[in-house]
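Below is one structure, written out as structure tokens, with a few remarks after it.
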Amino acid sequence: MSTTIDGSNSVTINSGAILGITSGTAVASTSGTSIDFTSIPSWVKRITVMFNGVSTNGGAGLFMQIGPVAGVETSGYAGTVLYSTTLTPTATNMSSGFTLAGSATSASSVLNGLATLSLVNISTNTWAEQGVLGGSDNNYVHISAGVKSLAGTLTQVRISGGGTNTFDAGTINILYE
């Protein structure tokens, strides 16, 4: 087996496969109702979405949807988000997307943290999500976990403020591997 390192933090194994982590381009989350990361390569098995000071103008929460080349899928998500500042958390089930931050958010909420997508089953395009976001305005912590099977290979990730809220602060970026 031969191994080379090319200076870009990637490792090439003798089969020609390049192993490493690829960073997307940070996107300012200061306008619009959704932010899309598209053209994700078909070989990707894990995606980390990072949130830095993200805020919207309302309290609908923060959501992530995934999809194949045909577009993001808006149903079939299963899981839960818990959010609380006390020992008695509030839970919300997922259905139309991965709920990353529950309805405890408000126009003054500022969220920081990350959510990770991992490929569970390549033959069914099933992805698992786990995330932790902290609300710096109200000391809420949002813990999410869910699963979604896609109609095809994942190529895009969409982050939204519930479809009606507009982003007004922060940045969002992805890493994929």
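Note on naming: chains are A, B, ... as they come in the structure tokens, residues start from 1 per chain, ligands start from 1 in the order shown.
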
All residues 12 Å or closer to Thr90 in chain A, only C-alpha atoms, same chain fewer than 5 positions away omitted, as a VMD selection string | chain A and resid 80 to 85 101 to 104 140 to 144

Out of range 39-167 of chain A, which residues get strand (DSSP E or B) from DSSP, as a PyMOL selection string?
-> chain A and resi 46-56+62-67+78-84+90-93+98-101+111-121+126-135+141-149+156-161+165+167

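Proximity ranking of A:Leu119, A:Thr92, A:Thr48, A:Ala151 relative to Ser75 in chain A places A:Ala151 first, based on only C-alpha atoms.
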
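All residues of protein, DNA or RNA that reach within 7 Å of Phe51 in chain A, judged by only C-alpha atoms and not counting those fewer than 3 positions away in the chain, are Val54, Leu111, Asn112, Gly113, Leu114, Thr171, Ile172 and Asn173 of chain A.
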
Could you name the residues that touch Ser42 in chain A at 12 Å or less, counting only C-alpha atoms, but leaving out those on the same chain fewer than 5 positions away, as a PyMOL selection string?
-> chain A and resi 47+67-69+119+122+125+152-156+176-177

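Neighbouring residues of range 32-35 of chain A at 6 Å or closer, counting only C-alpha atoms and skipping chain neighbours under 6 positions away, are Arg158, Ile159, Ser160, Gly163, Asn165, Thr166 and Phe167 of chain A.
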
With N, CA and C atoms kept, could you save the residues just selected as an mmCIF file, in the first residue's frame?
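Below is the file out-v1.cif, written as the result:
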data_model
loop_
_atom_site.group_PDB
_atom_site.id
_atom_site.type_symbol
_atom_site.label_atom_id
_atom_site.label_comp_id
_atom_site.auth_asym_id
_atom_site.auth_seq_id
_atom_site.Cartn_x
_atom_site.Cartn_y
_atom_site.Cartn_z
ATOM 1 N N ARG A 158 -30.375 22.282 3.006
ATOM 2 C CA ARG A 158 -31.018 23.597 3.143
ATOM 3 C C ARG A 158 -31.220 23.903 4.628
ATOM 4 N N ILE A 159 -30.858 25.120 5.026
ATOM 5 C CA ILE A 159 -31.103 25.611 6.376
ATOM 6 C C ILE A 159 -32.132 26.721 6.264
ATOM 7 N N SER A 160 -33.163 26.665 7.111
ATOM 8 C CA SER A 160 -34.190 27.713 7.060
ATOM 9 C C SER A 160 -34.660 28.076 8.458
ATOM 10 N N GLY A 163 -39.278 28.746 7.203
ATOM 11 C CA GLY A 163 -39.953 29.100 5.956
ATOM 12 C C GLY A 163 -40.514 30.512 5.927
ATOM 13 N N ASN A 165 -39.515 33.011 8.574
ATOM 14 C CA ASN A 165 -38.568 33.943 9.198
ATOM 15 C C ASN A 165 -37.391 34.215 8.275
ATOM 16 N N THR A 166 -36.859 35.420 8.351
ATOM 17 C CA THR A 166 -35.721 35.841 7.545
ATOM 18 C C THR A 166 -34.466 35.869 8.401
ATOM 19 N N PHE A 167 -33.371 35.341 7.856
ATOM 20 C CA PHE A 167 -32.096 35.406 8.567
ATOM 21 C C PHE A 167 -31.665 36.858 8.705
#

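Going from CA of Thr38 in chain A over to CA of Ala60 in chain A, you cover 24.0 Å.
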